[in-house]
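**Student:** Pasting a structure here, questions to come.
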Amino acid sequence: MSFILALPLLLGQTSDMKPWQARYDALVAAMKALDSKKATGFMHAQYTEVADGVVLNRAEVVRRMPERLKLVGQYGQKPKVLKVNVIGNTATVSVEMNFKAVMTENKKKVTYTSMSRLSDTWLKVNNEFKLYRSVVETSVTKRDGKVVTAPKTGG
């Protein structure tokens with residue numbers, strides 16, 4: 001194979017985002033349906049996730065799944081795949097996850113929105129991609145359009 005023909009394989013290929021969007025839509029649909037078995041079925045056996053410097057392994061994510069399913073079920077919006085890069089059996093996916101909640105505080109309706117950008121790594125296992133690692137790159141929560149800053153806690 002010539003170098004020119006092999007170059008896309010070496011550099012990675014930006015993939016068609018439609019199948020990846022469908023994959024994320026199915027994951028969120030499983031979560032909204034409170035189907036923890038189906039939702040965790042997307043995860044690799046060695047899955048880890050990282051958010052705010054905290055690393056959770058698959059067992060911990062599975063343990064916390066009922067709480068997560070309720071949150072996504074109530075407030076989760078359609079995910080948006082932003083970019084996909086596939087190199088061999090590994091795919092990196094940039095995805096945006098959004099949440100929206102309308103609550104009553106002091107007898108007044110308040111709207112909370114949250115947007116998180118994740119960098120996910122998927123590995124192909126037995127001809128099927130499994131979510132191997134998910135890293136929250138950025139996360140912004142707003143209350144009635146104004147950014148909410150999380151309280152600082154002493155460690």
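Convention: chains lettered A, B, ... in structure tokens order; per-chain residue numbering from 1; ligands numbered from 1 as shown.
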Write out as a ChimeraX atom specification each polymer residue whose atoms come within 8 Å of Leu34 in chain A, counting only C-alpha atoms; drop sequence neighbours fewer than 4 positions from it.

**Tutor:** /A:30,66,69-70,73

**Student:** Could the residues in this selection be written to a file with all heavy atoms, as an mmCIF file, in the first residue's frame?

**Tutor:**
data_model
loop_
_atom_site.group_PDB
_atom_site.id
_atom_site.type_symbol
_atom_site.label_atom_id
_atom_site.label_comp_id
_atom_site.auth_asym_id
_atom_site.auth_seq_id
_atom_site.Cartn_x
_atom_site.Cartn_y
_atom_site.Cartn_z
ATOM 1 N N ALA A 30 -32.415 4.731 26.370
ATOM 2 C CA ALA A 30 -32.384 3.662 27.374
ATOM 3 C C ALA A 30 -32.400 4.257 28.778
ATOM 4 O O ALA A 30 -33.092 3.752 29.669
ATOM 5 C CB ALA A 30 -31.151 2.783 27.170
ATOM 6 N N PRO A 66 -29.107 3.999 39.028
ATOM 7 C CA PRO A 66 -30.505 4.375 39.265
ATOM 8 C C PRO A 66 -30.698 5.885 39.454
ATOM 9 O O PRO A 66 -31.630 6.472 38.907
ATOM 10 C CB PRO A 66 -30.877 3.598 40.537
ATOM 11 C CG PRO A 66 -29.971 2.405 40.504
ATOM 12 C CD PRO A 66 -28.666 2.926 39.924
ATOM 13 N N LEU A 69 -30.246 7.538 36.044
ATOM 14 C CA LEU A 69 -31.389 7.308 35.164
ATOM 15 C C LEU A 69 -32.529 8.263 35.489
ATOM 16 O O LEU A 69 -33.177 8.794 34.589
ATOM 17 C CB LEU A 69 -31.865 5.856 35.270
ATOM 18 C CG LEU A 69 -30.894 4.782 34.783
ATOM 19 C CD1 LEU A 69 -31.497 3.403 34.987
ATOM 20 C CD2 LEU A 69 -30.496 4.996 33.344
ATOM 21 N N LYS A 70 -32.778 8.488 36.771
ATOM 22 C CA LYS A 70 -33.833 9.428 37.170
ATOM 23 C C LYS A 70 -33.520 10.833 36.678
ATOM 24 O O LYS A 70 -34.384 11.535 36.162
ATOM 25 C CB LYS A 70 -33.991 9.446 38.696
ATOM 26 C CG LYS A 70 -34.658 8.228 39.258
ATOM 27 C CD LYS A 70 -34.771 8.366 40.764
ATOM 28 C CE LYS A 70 -35.117 7.044 41.406
ATOM 29 N NZ LYS A 70 -35.082 7.135 42.874
ATOM 30 N N GLY A 73 -33.796 10.883 32.920
ATOM 31 C CA GLY A 73 -35.202 10.689 32.589
ATOM 32 C C GLY A 73 -36.032 11.937 32.753
ATOM 33 O O GLY A 73 -36.901 12.239 31.939
#

**Student:** Quick one: residues within 8 Å of Thr138 in chain A, only C-alpha atoms counted, chain neighbours fewer than 5 positions away excluded, as a list in words?

**Tutor:**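 Here the qualifying residues turn out to be Ser116, Arg117 and Leu118 of chain A.
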
**Student:** From the DSSP assignment of the backbone, select every residue of range 60-103 of chain A that is strand (DSSP E), and format the answer as a PyMOL selection string.

**Tutor:** chain A and resi 80-87+90-103

**Student:** A:Thr40, A:Ser94, A:Thr121, A:Thr111: which is nearest Arg64 in chain A, counting only C-alpha atoms?

**Tutor:**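 Comparing A:Thr40, A:Ser94, A:Thr121, A:Thr111 against Arg64 in chain A, the winner is A:Thr40.
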
**Student:** Return the single residue from A:Val95, A:Val140, A:Met65, A:Val135 that is closest to Ser114 in chain A, with distances computed using only C-alpha atoms.

**Tutor:** A:Val140

**Student:** What residues in chain A get the DSSP label alpha helix (DSSP H)? Please answer as a ChimeraX atom specification.

**Tutor:** /A:3-11,17-32,36-40,58-63,65-75

**Student:** Residues of the last selection are to be written out with N, CA and C atoms, as a short mmCIF file (atom, residue, chain, number, x, y, z; two decimals), in the first residue's frame.

**Tutor:**
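Final output, saved to result22.cif:
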data_model
loop_
_atom_site.label_atom_id
_atom_site.label_comp_id
_atom_site.auth_asym_id
_atom_site.auth_seq_id
_atom_site.Cartn_x
_atom_site.Cartn_y
_atom_site.Cartn_z
N PHE A 3 2.07 5.14 0.61
CA PHE A 3 1.97 6.04 1.74
C PHE A 3 0.74 6.94 1.61
N ILE A 4 0.46 7.41 0.40
CA ILE A 4 -0.69 8.30 0.18
C ILE A 4 -1.99 7.57 0.54
N LEU A 5 -2.12 6.29 0.17
CA LEU A 5 -3.33 5.55 0.48
C LEU A 5 -3.42 5.23 1.97
N ALA A 6 -2.29 5.05 2.64
CA ALA A 6 -2.28 4.71 4.06
C ALA A 6 -2.42 5.94 4.95
N LEU A 7 -2.22 7.13 4.42
CA LEU A 7 -2.25 8.35 5.23
C LEU A 7 -3.55 8.51 6.03
N PRO A 8 -4.73 8.32 5.43
CA PRO A 8 -5.94 8.44 6.25
C PRO A 8 -5.98 7.46 7.41
N LEU A 9 -5.43 6.27 7.21
CA LEU A 9 -5.40 5.29 8.31
C LEU A 9 -4.47 5.74 9.42
N LEU A 10 -3.37 6.36 9.06
CA LEU A 10 -2.40 6.82 10.06
C LEU A 10 -2.90 8.04 10.81
N LEU A 11 -3.56 8.94 10.11
CA LEU A 11 -4.01 10.18 10.72
C LEU A 11 -5.37 10.05 11.38
N MET A 17 -21.12 11.11 11.18
CA MET A 17 -21.63 11.28 12.53
C MET A 17 -23.00 10.65 12.74
N LYS A 18 -23.74 10.32 11.67
CA LYS A 18 -25.10 9.79 11.82
C LYS A 18 -25.15 8.52 12.66
N PRO A 19 -24.30 7.51 12.40
CA PRO A 19 -24.38 6.31 13.25
C PRO A 19 -24.01 6.59 14.70
N TRP A 20 -23.11 7.53 14.90
CA TRP A 20 -22.71 7.89 16.26
C TRP A 20 -23.83 8.65 16.96
N GLN A 21 -24.49 9.55 16.24
CA GLN A 21 -25.63 10.26 16.81
C GLN A 21 -26.71 9.25 17.20
N ALA A 22 -26.96 8.27 16.33
CA ALA A 22 -27.95 7.23 16.63
C ALA A 22 -27.55 6.44 17.88
N ARG A 23 -26.25 6.17 18.03
CA ARG A 23 -25.76 5.43 19.19
C ARG A 23 -26.02 6.23 20.47
N TYR A 24 -25.70 7.52 20.47
CA TYR A 24 -25.95 8.35 21.66
C TYR A 24 -27.45 8.53 21.92
N ASP A 25 -28.23 8.67 20.85
CA ASP A 25 -29.69 8.78 21.02
C ASP A 25 -30.23 7.51 21.69
N ALA A 26 -29.73 6.34 21.27
CA ALA A 26 -30.17 5.07 21.86
C ALA A 26 -29.74 4.96 23.32
N LEU A 27 -28.55 5.43 23.63
CA LEU A 27 -28.08 5.41 25.02
C LEU A 27 -28.97 6.28 25.90
N VAL A 28 -29.24 7.50 25.46
CA VAL A 28 -30.10 8.40 26.24
C VAL A 28 -31.53 7.86 26.31
N ALA A 29 -32.02 7.28 25.23
CA ALA A 29 -33.37 6.68 25.24
C ALA A 29 -33.44 5.56 26.27
N ALA A 30 -32.42 4.73 26.37
CA ALA A 30 -32.38 3.66 27.37
C ALA A 30 -32.40 4.26 28.78
N MET A 31 -31.67 5.34 28.96
CA MET A 31 -31.63 5.98 30.27
C MET A 31 -32.98 6.61 30.61
N LYS A 32 -33.61 7.26 29.63
CA LYS A 32 -34.93 7.86 29.87
C LYS A 32 -35.98 6.79 30.16
N SER A 36 -31.53 0.27 33.01
CA SER A 36 -30.11 0.29 33.38
C SER A 36 -29.33 -0.81 32.66
N LYS A 37 -29.96 -1.96 32.42
CA LYS A 37 -29.26 -3.05 31.73
C LYS A 37 -28.88 -2.61 30.31
N LYS A 38 -29.80 -2.00 29.61
CA LYS A 38 -29.51 -1.55 28.25
C LYS A 38 -28.49 -0.41 28.27
N ALA A 39 -28.64 0.52 29.21
CA ALA A 39 -27.72 1.66 29.29
C ALA A 39 -26.29 1.20 29.59
N THR A 40 -26.14 0.29 30.53
CA THR A 40 -24.79 -0.19 30.85
C THR A 40 -24.26 -1.12 29.77
N ARG A 58 -16.27 1.38 36.28
CA ARG A 58 -17.56 0.88 35.79
C ARG A 58 -18.46 0.43 36.96
N ALA A 59 -17.90 -0.26 37.93
CA ALA A 59 -18.69 -0.75 39.06
C ALA A 59 -19.35 0.40 39.80
N GLU A 60 -18.62 1.49 40.01
CA GLU A 60 -19.19 2.65 40.71
C GLU A 60 -20.26 3.33 39.85
N VAL A 61 -20.03 3.41 38.56
CA VAL A 61 -21.03 4.00 37.66
C VAL A 61 -22.31 3.16 37.68
N VAL A 62 -22.15 1.84 37.63
CA VAL A 62 -23.31 0.94 37.67
C VAL A 62 -24.05 1.09 39.00
N ARG A 63 -23.31 1.21 40.10
CA ARG A 63 -23.93 1.38 41.42
C ARG A 63 -24.76 2.65 41.48
N MET A 65 -26.14 4.11 38.88
CA MET A 65 -26.99 4.20 37.70
C MET A 65 -28.45 4.56 38.01
N PRO A 66 -29.11 4.00 39.03
CA PRO A 66 -30.51 4.37 39.26
C PRO A 66 -30.70 5.89 39.45
N GLU A 67 -29.80 6.51 40.19
CA GLU A 67 -29.86 7.97 40.40
C GLU A 67 -29.67 8.71 39.07
N ARG A 68 -28.73 8.24 38.27
CA ARG A 68 -28.43 8.87 36.98
C ARG A 68 -29.62 8.72 36.02
N LEU A 69 -30.25 7.54 36.04
CA LEU A 69 -31.39 7.31 35.16
C LEU A 69 -32.53 8.26 35.49
N LYS A 70 -32.78 8.49 36.77
CA LYS A 70 -33.83 9.43 37.17
C LYS A 70 -33.52 10.83 36.68
N LEU A 71 -32.27 11.25 36.84
CA LEU A 71 -31.85 12.59 36.42
C LEU A 71 -32.02 12.76 34.91
N VAL A 72 -31.50 11.82 34.14
CA VAL A 72 -31.60 11.90 32.68
C VAL A 72 -33.06 11.77 32.25
N GLY A 73 -33.80 10.88 32.92
CA GLY A 73 -35.20 10.69 32.59
C GLY A 73 -36.03 11.94 32.75
N GLN A 74 -35.76 12.70 33.80
CA GLN A 74 -36.52 13.92 34.06
C GLN A 74 -36.02 15.11 33.25
N TYR A 75 -34.71 15.26 33.13
CA TYR A 75 -34.17 16.53 32.65
C TYR A 75 -33.30 16.44 31.41
#

**Student:** Kindly give the distance, in Å, that separates CA of Val50 in chain A and CA of Glu128 in chain A, rounded to a single decimal.

**Tutor:**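 That distance, rounded to one decimal, is 22.9 Å.
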
**Student:** At a cut-off of 9 Å, using only C-alpha atoms, what residues contact Val102 in chain A? Leave out same-chain residues fewer than 3 positions from it and give the result as a PyMOL selection string.

**Tutor:** chain A and resi 109-113

**Student:** Nearest to Arg133 in chain A: which of A:Met97, A:Leu82, A:Val148, A:Met43 is it, counting only C-alpha atoms?

**Tutor:**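 Selected residue with least distance to Arg133 in chain A: A:Met43.
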
**Student:** Nearest residue to Asp144 in chain A out of A:Lys100, A:Lys124, A:Lys130, A:Lys107, using only C-alpha atoms?

**Tutor:** A:Lys100

**Student:** Expressed in Å to a single decimal, how great is the separation between CA of Gly41 in chain A and CA of Asn57 in chain A?

**Tutor:**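 Distance between the two atoms: 14.8 Å.
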
**Student:** Which residue is closest to Val125 in chain A? Choose from A:Val81, A:Val86, A:Ala45, A:Val54 and count only C-alpha atoms.

**Tutor:**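 Answer, going by the shortest atom-to-atom distance: A:Ala45.
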
**Student:** Report the distance between CA of Asn98 in chain A and CA of Ser139 in chain A in Å, rounded to one decimal place.

**Tutor:** 9.6 Å
